[in-house]
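S.K.: My structure is in data_23.cif, and what it holds is mmCIF, N, CA and C atoms:
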data_structure
#
loop_
_atom_site.label_atom_id
_atom_site.label_comp_id
_atom_site.auth_asym_id
_atom_site.auth_seq_id
_atom_site.Cartn_x
_atom_site.Cartn_y
_atom_site.Cartn_z
N MET A 996 5.63 -2.74 -6.17
CA MET A 996 6.08 -3.98 -5.58
C MET A 996 7.58 -4.10 -5.80
N THR A 997 8.32 -4.49 -4.77
CA THR A 997 9.76 -4.66 -4.91
C THR A 997 10.07 -5.95 -5.66
N VAL A 998 11.30 -6.09 -6.11
CA VAL A 998 11.71 -7.32 -6.80
C VAL A 998 11.51 -8.52 -5.90
N HIS A 999 11.88 -8.37 -4.61
CA HIS A 999 11.72 -9.46 -3.63
C HIS A 999 10.24 -9.83 -3.49
N ALA A 1000 9.38 -8.82 -3.35
CA ALA A 1000 7.94 -9.07 -3.20
C ALA A 1000 7.37 -9.70 -4.46
N GLU A 1001 7.83 -9.26 -5.63
CA GLU A 1001 7.35 -9.84 -6.89
C GLU A 1001 7.74 -11.30 -6.99
N ALA A 1002 8.95 -11.65 -6.56
CA ALA A 1002 9.41 -13.05 -6.60
C ALA A 1002 8.56 -13.92 -5.68
N ILE A 1003 8.24 -13.41 -4.50
CA ILE A 1003 7.40 -14.16 -3.57
C ILE A 1003 6.01 -14.36 -4.16
N HIS A 1004 5.43 -13.28 -4.71
CA HIS A 1004 4.08 -13.37 -5.28
C HIS A 1004 4.04 -14.36 -6.45
N ALA A 1005 5.07 -14.34 -7.29
CA ALA A 1005 5.11 -15.24 -8.45
C ALA A 1005 5.22 -16.70 -8.03
N ALA A 1006 5.80 -16.96 -6.87
CA ALA A 1006 6.00 -18.33 -6.41
C ALA A 1006 4.84 -18.84 -5.56
N MET A 1007 3.79 -18.06 -5.42
CA MET A 1007 2.67 -18.45 -4.58
C MET A 1007 1.95 -19.65 -5.19
N PRO A 1008 1.60 -20.63 -4.35
CA PRO A 1008 0.87 -21.79 -4.88
C PRO A 1008 -0.57 -21.40 -5.21
N PRO A 1009 -1.18 -22.12 -6.14
CA PRO A 1009 -2.59 -21.83 -6.45
C PRO A 1009 -3.46 -22.15 -5.24
N ILE A 1010 -4.49 -21.35 -5.02
CA ILE A 1010 -5.38 -21.60 -3.89
C ILE A 1010 -6.83 -21.61 -4.35
N LEU A 1011 -7.66 -22.28 -3.55
CA LEU A 1011 -9.09 -22.39 -3.80
C LEU A 1011 -9.85 -21.83 -2.60
N VAL A 1012 -10.88 -21.04 -2.88
CA VAL A 1012 -11.68 -20.45 -1.81
C VAL A 1012 -13.15 -20.78 -2.07
N ALA A 1013 -13.86 -21.12 -1.00
CA ALA A 1013 -15.28 -21.44 -1.11
C ALA A 1013 -16.08 -20.18 -1.42
N ALA A 1014 -16.93 -20.27 -2.43
CA ALA A 1014 -17.77 -19.14 -2.82
C ALA A 1014 -18.63 -18.66 -1.65
N GLU A 1015 -19.10 -19.60 -0.83
CA GLU A 1015 -19.96 -19.27 0.30
C GLU A 1015 -19.22 -18.47 1.38
N GLN A 1016 -17.89 -18.50 1.37
CA GLN A 1016 -17.10 -17.78 2.38
C GLN A 1016 -16.47 -16.50 1.83
N TYR A 1017 -16.49 -16.33 0.52
CA TYR A 1017 -15.77 -15.24 -0.12
C TYR A 1017 -16.20 -13.85 0.39
N ASP A 1018 -17.50 -13.58 0.42
CA ASP A 1018 -17.97 -12.26 0.83
C ASP A 1018 -17.60 -11.95 2.29
N GLN A 1019 -17.73 -12.93 3.16
CA GLN A 1019 -17.38 -12.70 4.57
C GLN A 1019 -15.87 -12.49 4.71
N LEU A 1020 -15.08 -13.23 3.94
CA LEU A 1020 -13.63 -13.03 3.98
C LEU A 1020 -13.25 -11.64 3.47
N SER A 1021 -13.92 -11.21 2.43
CA SER A 1021 -13.68 -9.87 1.90
C SER A 1021 -14.05 -8.80 2.93
N ALA A 1022 -15.14 -9.02 3.65
CA ALA A 1022 -15.55 -8.10 4.71
C ALA A 1022 -14.53 -8.07 5.84
N VAL A 1023 -13.96 -9.22 6.17
CA VAL A 1023 -12.91 -9.28 7.20
C VAL A 1023 -11.73 -8.42 6.75
N ALA A 1024 -11.31 -8.58 5.50
CA ALA A 1024 -10.19 -7.78 4.99
C ALA A 1024 -10.50 -6.29 5.10
N GLY A 1025 -11.70 -5.90 4.73
CA GLY A 1025 -12.10 -4.50 4.83
C GLY A 1025 -12.07 -3.99 6.26
N GLY A 1026 -12.51 -4.82 7.19
CA GLY A 1026 -12.52 -4.44 8.60
C GLY A 1026 -11.14 -4.34 9.22
N LEU A 1027 -10.16 -4.97 8.60
CA LEU A 1027 -8.79 -4.94 9.13
C LEU A 1027 -7.96 -3.77 8.61
N GLU A 1028 -8.46 -3.06 7.60
CA GLU A 1028 -7.66 -2.02 6.94
C GLU A 1028 -7.08 -0.99 7.89
N ASP A 1029 -7.85 -0.55 8.88
CA ASP A 1029 -7.36 0.47 9.81
C ASP A 1029 -6.60 -0.12 10.99
N VAL A 1030 -6.85 -1.37 11.31
CA VAL A 1030 -6.25 -1.98 12.49
C VAL A 1030 -4.98 -2.76 12.16
N LEU A 1031 -5.05 -3.60 11.15
CA LEU A 1031 -3.93 -4.44 10.71
C LEU A 1031 -3.81 -4.34 9.19
N PRO A 1032 -3.33 -3.21 8.69
CA PRO A 1032 -3.32 -3.01 7.23
C PRO A 1032 -2.52 -4.04 6.46
N GLU A 1033 -1.42 -4.55 7.04
CA GLU A 1033 -0.63 -5.55 6.31
C GLU A 1033 -1.37 -6.87 6.17
N VAL A 1034 -2.15 -7.25 7.19
CA VAL A 1034 -2.94 -8.47 7.11
C VAL A 1034 -4.10 -8.26 6.13
N ALA A 1035 -4.71 -7.08 6.15
CA ALA A 1035 -5.78 -6.76 5.21
C ALA A 1035 -5.28 -6.86 3.77
N ARG A 1036 -4.09 -6.33 3.49
CA ARG A 1036 -3.51 -6.40 2.15
C ARG A 1036 -3.24 -7.85 1.74
N PHE A 1037 -2.66 -8.62 2.67
CA PHE A 1037 -2.35 -10.03 2.40
C PHE A 1037 -3.63 -10.79 2.08
N LEU A 1038 -4.69 -10.59 2.87
CA LEU A 1038 -5.95 -11.29 2.63
C LEU A 1038 -6.56 -10.84 1.30
N ASP A 1039 -6.54 -9.55 1.02
CA ASP A 1039 -7.04 -9.06 -0.27
C ASP A 1039 -6.28 -9.68 -1.44
N GLN A 1040 -4.96 -9.78 -1.32
CA GLN A 1040 -4.14 -10.37 -2.38
C GLN A 1040 -4.49 -11.84 -2.57
N GLU A 1041 -4.68 -12.56 -1.49
CA GLU A 1041 -5.02 -13.97 -1.59
C GLU A 1041 -6.40 -14.16 -2.22
N LEU A 1042 -7.36 -13.34 -1.83
CA LEU A 1042 -8.69 -13.45 -2.41
C LEU A 1042 -8.67 -13.11 -3.90
N ALA A 1043 -7.86 -12.14 -4.28
CA ALA A 1043 -7.78 -11.73 -5.69
C ALA A 1043 -7.19 -12.82 -6.58
N ARG A 1044 -6.29 -13.63 -6.02
CA ARG A 1044 -5.65 -14.65 -6.85
C ARG A 1044 -6.30 -16.03 -6.71
N ALA A 1045 -7.26 -16.15 -5.81
CA ALA A 1045 -7.89 -17.44 -5.54
C ALA A 1045 -8.85 -17.84 -6.67
N GLU A 1046 -8.94 -19.15 -6.88
CA GLU A 1046 -10.01 -19.69 -7.71
C GLU A 1046 -11.18 -19.93 -6.76
N VAL A 1047 -12.32 -19.35 -7.08
CA VAL A 1047 -13.49 -19.44 -6.21
C VAL A 1047 -14.46 -20.47 -6.79
N MET A 1048 -14.92 -21.37 -5.92
CA MET A 1048 -15.88 -22.39 -6.35
C MET A 1048 -16.76 -22.78 -5.17
N PRO A 1049 -17.91 -23.39 -5.44
CA PRO A 1049 -18.80 -23.81 -4.35
C PRO A 1049 -18.08 -24.76 -3.39
N LEU A 1050 -18.37 -24.61 -2.12
CA LEU A 1050 -17.76 -25.45 -1.08
C LEU A 1050 -17.92 -26.93 -1.39
N ALA A 1051 -19.07 -27.32 -1.89
CA ALA A 1051 -19.33 -28.73 -2.19
C ALA A 1051 -18.41 -29.28 -3.28
N ARG A 1052 -17.86 -28.41 -4.11
CA ARG A 1052 -16.96 -28.85 -5.20
C ARG A 1052 -15.49 -28.80 -4.81
N LEU A 1053 -15.17 -28.19 -3.67
CA LEU A 1053 -13.76 -28.12 -3.26
C LEU A 1053 -13.26 -29.50 -2.86
N PRO A 1054 -12.05 -29.85 -3.26
CA PRO A 1054 -11.47 -31.11 -2.79
C PRO A 1054 -11.37 -31.13 -1.26
N ASP A 1055 -11.42 -32.31 -0.68
CA ASP A 1055 -11.38 -32.45 0.78
C ASP A 1055 -10.08 -31.98 1.41
N ASP A 1056 -9.01 -31.85 0.61
CA ASP A 1056 -7.71 -31.46 1.17
C ASP A 1056 -7.44 -29.96 1.08
N VAL A 1057 -8.50 -29.16 0.87
CA VAL A 1057 -8.36 -27.70 0.80
C VAL A 1057 -8.73 -27.10 2.16
N VAL A 1058 -7.91 -26.17 2.64
CA VAL A 1058 -8.18 -25.48 3.90
C VAL A 1058 -9.21 -24.37 3.68
N THR A 1059 -10.32 -24.46 4.39
CA THR A 1059 -11.36 -23.43 4.38
C THR A 1059 -11.51 -22.91 5.81
N VAL A 1060 -12.28 -21.85 5.97
CA VAL A 1060 -12.59 -21.39 7.32
C VAL A 1060 -13.34 -22.53 8.02
N ASN A 1061 -13.00 -22.76 9.25
CA ASN A 1061 -13.52 -23.84 10.11
C ASN A 1061 -12.87 -25.18 9.84
N SER A 1062 -11.80 -25.20 9.05
CA SER A 1062 -11.02 -26.43 8.86
C SER A 1062 -10.01 -26.58 10.00
N THR A 1063 -9.79 -27.81 10.39
CA THR A 1063 -8.70 -28.13 11.31
C THR A 1063 -7.57 -28.68 10.46
N VAL A 1064 -6.38 -28.12 10.63
CA VAL A 1064 -5.28 -28.44 9.73
C VAL A 1064 -3.98 -28.68 10.50
N ASP A 1065 -3.23 -29.68 10.04
CA ASP A 1065 -1.88 -29.93 10.53
C ASP A 1065 -0.92 -29.24 9.57
N PHE A 1066 0.03 -28.47 10.10
CA PHE A 1066 0.98 -27.76 9.26
C PHE A 1066 2.30 -27.56 9.99
N ILE A 1067 3.32 -27.32 9.22
CA ILE A 1067 4.64 -26.98 9.76
C ILE A 1067 4.86 -25.51 9.50
N PHE A 1068 5.20 -24.77 10.55
CA PHE A 1068 5.42 -23.33 10.43
C PHE A 1068 6.91 -23.05 10.57
N GLY A 1069 7.50 -22.57 9.49
CA GLY A 1069 8.91 -22.18 9.52
C GLY A 1069 9.84 -23.33 9.81
N MET A 1070 10.93 -22.99 10.46
CA MET A 1070 12.00 -23.96 10.68
C MET A 1070 11.78 -24.82 11.93
N LYS A 1071 10.66 -24.65 12.62
CA LYS A 1071 10.42 -25.42 13.84
C LYS A 1071 10.46 -26.92 13.57
N GLY A 1072 9.94 -27.33 12.42
CA GLY A 1072 9.99 -28.73 12.04
C GLY A 1072 8.94 -29.60 12.69
N ARG A 1073 8.20 -29.08 13.65
CA ARG A 1073 7.17 -29.91 14.28
C ARG A 1073 5.80 -29.54 13.72
N VAL A 1074 4.95 -30.52 13.67
CA VAL A 1074 3.61 -30.32 13.14
C VAL A 1074 2.73 -29.67 14.21
N GLU A 1075 2.02 -28.62 13.79
CA GLU A 1075 1.07 -27.95 14.67
C GLU A 1075 -0.33 -28.22 14.13
N ARG A 1076 -1.31 -28.26 15.01
CA ARG A 1076 -2.70 -28.46 14.60
C ARG A 1076 -3.54 -27.29 15.11
N LEU A 1077 -4.18 -26.60 14.17
CA LEU A 1077 -5.03 -25.47 14.52
C LEU A 1077 -6.29 -25.48 13.66
N LYS A 1078 -7.32 -24.84 14.16
CA LYS A 1078 -8.57 -24.67 13.41
C LYS A 1078 -8.62 -23.22 12.93
N LEU A 1079 -8.83 -23.03 11.63
CA LEU A 1079 -8.92 -21.70 11.03
C LEU A 1079 -10.32 -21.15 11.27
N VAL A 1080 -10.40 -19.97 11.90
CA VAL A 1080 -11.70 -19.40 12.28
C VAL A 1080 -11.79 -17.92 11.88
N TYR A 1081 -13.02 -17.42 11.85
CA TYR A 1081 -13.24 -15.99 11.67
C TYR A 1081 -12.82 -15.26 12.94
N PRO A 1082 -12.54 -13.96 12.86
CA PRO A 1082 -12.09 -13.23 14.05
C PRO A 1082 -13.12 -13.16 15.17
N THR A 1083 -14.37 -13.43 14.87
CA THR A 1083 -15.42 -13.37 15.89
C THR A 1083 -15.40 -14.58 16.82
N ALA A 1084 -14.64 -15.62 16.48
CA ALA A 1084 -14.54 -16.80 17.35
C ALA A 1084 -13.83 -16.41 18.64
N ARG A 1085 -14.11 -17.12 19.68
CA ARG A 1085 -13.48 -16.82 20.98
C ARG A 1085 -11.98 -17.03 20.86
N SER A 1086 -11.24 -15.93 20.91
CA SER A 1086 -9.79 -16.01 20.72
C SER A 1086 -9.09 -16.65 21.92
N SER A 1087 -9.79 -16.79 23.04
CA SER A 1087 -9.17 -17.39 24.20
C SER A 1087 -9.10 -18.92 24.08
N ASP A 1088 -9.83 -19.48 23.13
CA ASP A 1088 -9.80 -20.93 22.95
C ASP A 1088 -8.47 -21.35 22.34
N ASP A 1089 -7.84 -22.34 22.94
CA ASP A 1089 -6.62 -22.90 22.37
C ASP A 1089 -6.95 -23.66 21.10
N GLY A 1090 -5.98 -23.74 20.22
CA GLY A 1090 -6.17 -24.54 19.03
C GLY A 1090 -6.84 -23.80 17.90
N LEU A 1091 -7.01 -22.47 18.02
CA LEU A 1091 -7.64 -21.70 16.96
C LEU A 1091 -6.64 -20.72 16.37
N VAL A 1092 -6.77 -20.46 15.07
CA VAL A 1092 -5.99 -19.40 14.42
C VAL A 1092 -6.98 -18.57 13.61
N SER A 1093 -6.92 -17.27 13.78
CA SER A 1093 -7.86 -16.38 13.12
C SER A 1093 -7.43 -16.07 11.70
N ILE A 1094 -8.42 -15.91 10.83
CA ILE A 1094 -8.17 -15.48 9.46
C ILE A 1094 -7.64 -14.04 9.48
N ALA A 1095 -7.73 -13.36 10.61
CA ALA A 1095 -7.22 -12.00 10.76
C ALA A 1095 -5.76 -11.99 11.20
N SER A 1096 -5.06 -13.09 10.96
CA SER A 1096 -3.63 -13.18 11.28
C SER A 1096 -2.87 -13.62 10.03
N PRO A 1097 -1.59 -13.30 9.93
CA PRO A 1097 -0.83 -13.74 8.76
C PRO A 1097 -0.84 -15.26 8.56
N VAL A 1098 -0.73 -16.02 9.62
CA VAL A 1098 -0.75 -17.48 9.50
C VAL A 1098 -2.11 -17.95 9.02
N GLY A 1099 -3.18 -17.35 9.53
CA GLY A 1099 -4.52 -17.70 9.09
C GLY A 1099 -4.73 -17.42 7.61
N VAL A 1100 -4.26 -16.25 7.16
CA VAL A 1100 -4.38 -15.91 5.74
C VAL A 1100 -3.56 -16.88 4.90
N ALA A 1101 -2.37 -17.21 5.36
CA ALA A 1101 -1.50 -18.12 4.61
C ALA A 1101 -2.13 -19.50 4.46
N LEU A 1102 -2.84 -19.97 5.47
CA LEU A 1102 -3.48 -21.28 5.40
C LEU A 1102 -4.67 -21.33 4.45
N LEU A 1103 -5.37 -20.23 4.31
CA LEU A 1103 -6.60 -20.19 3.52
C LEU A 1103 -6.39 -20.67 2.09
N GLY A 1104 -7.18 -21.66 1.71
CA GLY A 1104 -7.18 -22.13 0.32
C GLY A 1104 -6.06 -23.07 -0.05
N MET A 1105 -5.15 -23.32 0.89
CA MET A 1105 -4.02 -24.21 0.60
C MET A 1105 -4.49 -25.66 0.60
N ARG A 1106 -3.71 -26.49 -0.10
CA ARG A 1106 -3.98 -27.92 -0.16
C ARG A 1106 -2.85 -28.68 0.53
N GLU A 1107 -3.14 -29.91 0.91
CA GLU A 1107 -2.12 -30.76 1.53
C GLU A 1107 -0.89 -30.82 0.64
N GLY A 1108 0.28 -30.65 1.26
CA GLY A 1108 1.55 -30.71 0.55
C GLY A 1108 2.04 -29.38 0.01
N GLN A 1109 1.18 -28.36 -0.01
CA GLN A 1109 1.60 -27.05 -0.53
C GLN A 1109 2.34 -26.25 0.53
N THR A 1110 3.28 -25.43 0.05
CA THR A 1110 4.05 -24.53 0.89
C THR A 1110 3.84 -23.12 0.41
N ILE A 1111 3.73 -22.19 1.34
CA ILE A 1111 3.57 -20.77 1.00
C ILE A 1111 4.54 -19.96 1.84
N SER A 1112 5.06 -18.89 1.25
CA SER A 1112 5.91 -17.97 2.00
C SER A 1112 5.40 -16.56 1.79
N TRP A 1113 5.68 -15.70 2.77
CA TRP A 1113 5.26 -14.31 2.70
C TRP A 1113 6.23 -13.47 3.50
N SER A 1114 6.20 -12.18 3.22
CA SER A 1114 7.06 -11.22 3.93
C SER A 1114 6.25 -10.53 5.01
N THR A 1115 6.83 -10.38 6.20
CA THR A 1115 6.17 -9.63 7.26
C THR A 1115 6.33 -8.14 6.98
N ARG A 1116 5.65 -7.33 7.77
CA ARG A 1116 5.78 -5.88 7.57
C ARG A 1116 7.19 -5.39 7.85
N TYR A 1117 7.99 -6.20 8.52
CA TYR A 1117 9.38 -5.85 8.82
C TYR A 1117 10.34 -6.42 7.79
N GLY A 1118 9.80 -7.10 6.77
CA GLY A 1118 10.64 -7.65 5.72
C GLY A 1118 11.17 -9.05 5.99
N ASP A 1119 10.77 -9.65 7.10
CA ASP A 1119 11.20 -11.02 7.41
C ASP A 1119 10.38 -12.00 6.58
N LEU A 1120 11.02 -13.07 6.16
CA LEU A 1120 10.35 -14.10 5.37
C LEU A 1120 9.80 -15.18 6.30
N ARG A 1121 8.54 -15.51 6.15
CA ARG A 1121 7.88 -16.58 6.90
C ARG A 1121 7.35 -17.59 5.90
N TRP A 1122 7.21 -18.85 6.34
CA TRP A 1122 6.62 -19.86 5.47
C TRP A 1122 5.95 -20.94 6.30
N LEU A 1123 5.04 -21.64 5.64
CA LEU A 1123 4.41 -22.80 6.27
C LEU A 1123 4.07 -23.81 5.19
N LYS A 1124 3.94 -25.05 5.63
CA LYS A 1124 3.59 -26.15 4.73
C LYS A 1124 2.39 -26.88 5.33
N VAL A 1125 1.36 -27.07 4.52
CA VAL A 1125 0.18 -27.81 4.96
C VAL A 1125 0.50 -29.30 4.87
N VAL A 1126 0.34 -29.99 5.98
CA VAL A 1126 0.59 -31.42 6.03
C VAL A 1126 -0.70 -32.20 5.79
N LYS A 1127 -1.76 -31.81 6.50
CA LYS A 1127 -3.03 -32.56 6.39
C LYS A 1127 -4.20 -31.69 6.81
N VAL A 1128 -5.28 -31.78 6.04
CA VAL A 1128 -6.54 -31.19 6.45
C VAL A 1128 -7.25 -32.30 7.23
N VAL A 1129 -7.30 -32.14 8.54
CA VAL A 1129 -7.84 -33.17 9.43
C VAL A 1129 -9.35 -33.20 9.35
N GLU A 1130 -9.96 -32.03 9.34
CA GLU A 1130 -11.42 -31.92 9.25
C GLU A 1130 -11.72 -30.61 8.55
N ARG A 1131 -12.57 -30.68 7.53
CA ARG A 1131 -12.91 -29.45 6.82
C ARG A 1131 -14.24 -28.93 7.33
N GLY A 1132 -14.28 -27.64 7.61
CA GLY A 1132 -15.49 -27.02 8.16
C GLY A 1132 -16.49 -26.67 7.11
#
Taking this structure as input, can you express it in the form of structure tokens?
M.R.:
Amino acid sequence: MTVHAEAIHAAMPPILVAAEQYDQLSAVAGGLEDVLPEVARFLDQELARAEVMPLARLPDDVVTVNSTVDFIFGMKGRVERLKLVYPTARSSDDGLVSIASPVGVALLGMREGQTISWSTRYGDLRWLKVVKVVERG
């Protein structure tokens, strides 16, 4: 890990993942290894550092798969609303973001008010801030 990557990893906010979703999320990461290896690594890293607990015990402001969330992505400054879904969801539907994307992985397990940043495969820094979990799935 480079010094830059270590600094980003050390600054990552704590995340919570539903135990009922953990195995399927891990399977998604495994399925992405040959197609989108950087997303697979990012998802594996997030799952490894997540605190896992039953969905019923997660606070209402935690983003899980099937949550609809308001967030700010990068410097755009405007709030976007998307629903976090598994890759099997119809990707043609507007308003969805797949867990098989960097933004989807970044949203997973975040709480309202938290900000996360990550490096793209090209070394560019991206970040987002969760504003509100509108509906948790």
S.K.: For a test of reading the model, state the distance in Å between atom C of Val1057 in chain A and atom N of Met1105 in chain A, rounded to one decimal.
M.R.: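 Straight-line distance from atom C of Val1057 in chain A to atom N of Met1105 in chain A works out to 5.4 Å.
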S.K.: Can you work out the spacing between atom C of Gln1040 in chain A and atom N of Thr1110 in chain A in Å, to one decimal?
M.R.: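 Here the two named atoms are 15.9 Å from each other.
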S.K.: Can you tell me, as a ChimeraX atom specification, which residues in chain A count as alpha helix (DSSP H) by DSSP?
M.R.: /A:998-1005,1014-1027,1032-1044,1097-1102
S.K.: Would you please work out which residue, of A:Gly1072, A:Pro1097, A:Gly1108, A:Gly1118, is nearest to Phe1037 in chain A when using all atoms listed in the file?
M.R.: A:Pro1097
S.K.: Taking the file above as input, evaluate the PyMOL selection byres (((chain A and resi 1026-1036 and name CA) around 7) and name CA) and report the hits as number ranges by chain.
M.R.: A: 1022-1025, 1037-1040, 1095-1097, 1116
S.K.: Counting only C-alpha atoms, figure out which residue out of A:Val1092, A:Val1060, A:Leu1120, A:Ala1013 gets nearest to Arg1076 in chain A.
M.R.: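 Smallest separation from Arg1076 in chain A among the options: A:Val1092.
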S.K.: One decimal, Å: what's the distance from CA of Val1125 in chain A over to CA of Val1098 in chain A, could you say?
M.R.: 11.3 Å
S.K.: Using only N, CA and C atoms, which protein or nucleic acid residues come within 7 Å of Lys1127 in chain A? Drop anything in the same chain fewer than 5 positions from it, and give the result as a PyMOL selection string.
M.R.: chain A and resi 1056+1063-1066+1106-1108
S.K.: Specify as a short mmCIF file (atom, residue, chain, number, x, y, z; two decimals) with N, CA and C atoms, in the coordinates of the input each residue included when the PyMOL selection byres ((chain A and resi 1062) around 6) is applied to this file.
M.R.:
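Written out: result22.cif:
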data_model
loop_
_atom_site.label_atom_id
_atom_site.label_comp_id
_atom_site.auth_asym_id
_atom_site.auth_seq_id
_atom_site.Cartn_x
_atom_site.Cartn_y
_atom_site.Cartn_z
N VAL A 1058 -7.91 -26.17 2.64
CA VAL A 1058 -8.18 -25.48 3.90
C VAL A 1058 -9.21 -24.37 3.68
N THR A 1059 -10.32 -24.46 4.39
CA THR A 1059 -11.36 -23.43 4.38
C THR A 1059 -11.51 -22.91 5.81
N VAL A 1060 -12.28 -21.85 5.97
CA VAL A 1060 -12.59 -21.39 7.32
C VAL A 1060 -13.34 -22.53 8.02
N ASN A 1061 -13.00 -22.76 9.25
CA ASN A 1061 -13.52 -23.84 10.11
C ASN A 1061 -12.87 -25.18 9.84
N THR A 1063 -9.79 -27.81 10.39
CA THR A 1063 -8.70 -28.13 11.31
C THR A 1063 -7.57 -28.68 10.46
N VAL A 1064 -6.38 -28.12 10.63
CA VAL A 1064 -5.28 -28.44 9.73
C VAL A 1064 -3.98 -28.68 10.50
N LEU A 1077 -4.18 -26.60 14.17
CA LEU A 1077 -5.03 -25.47 14.52
C LEU A 1077 -6.29 -25.48 13.66
N LYS A 1078 -7.32 -24.84 14.16
CA LYS A 1078 -8.57 -24.67 13.41
C LYS A 1078 -8.62 -23.22 12.93
N LEU A 1079 -8.83 -23.03 11.63
CA LEU A 1079 -8.92 -21.70 11.03
C LEU A 1079 -10.32 -21.15 11.27
N GLU A 1130 -9.96 -32.03 9.34
CA GLU A 1130 -11.42 -31.92 9.25
C GLU A 1130 -11.72 -30.61 8.55
N ARG A 1131 -12.57 -30.68 7.53
CA ARG A 1131 -12.91 -29.45 6.82
C ARG A 1131 -14.24 -28.93 7.33
N GLY A 1132 -14.28 -27.64 7.61
CA GLY A 1132 -15.49 -27.02 8.16
C GLY A 1132 -16.49 -26.67 7.11
#
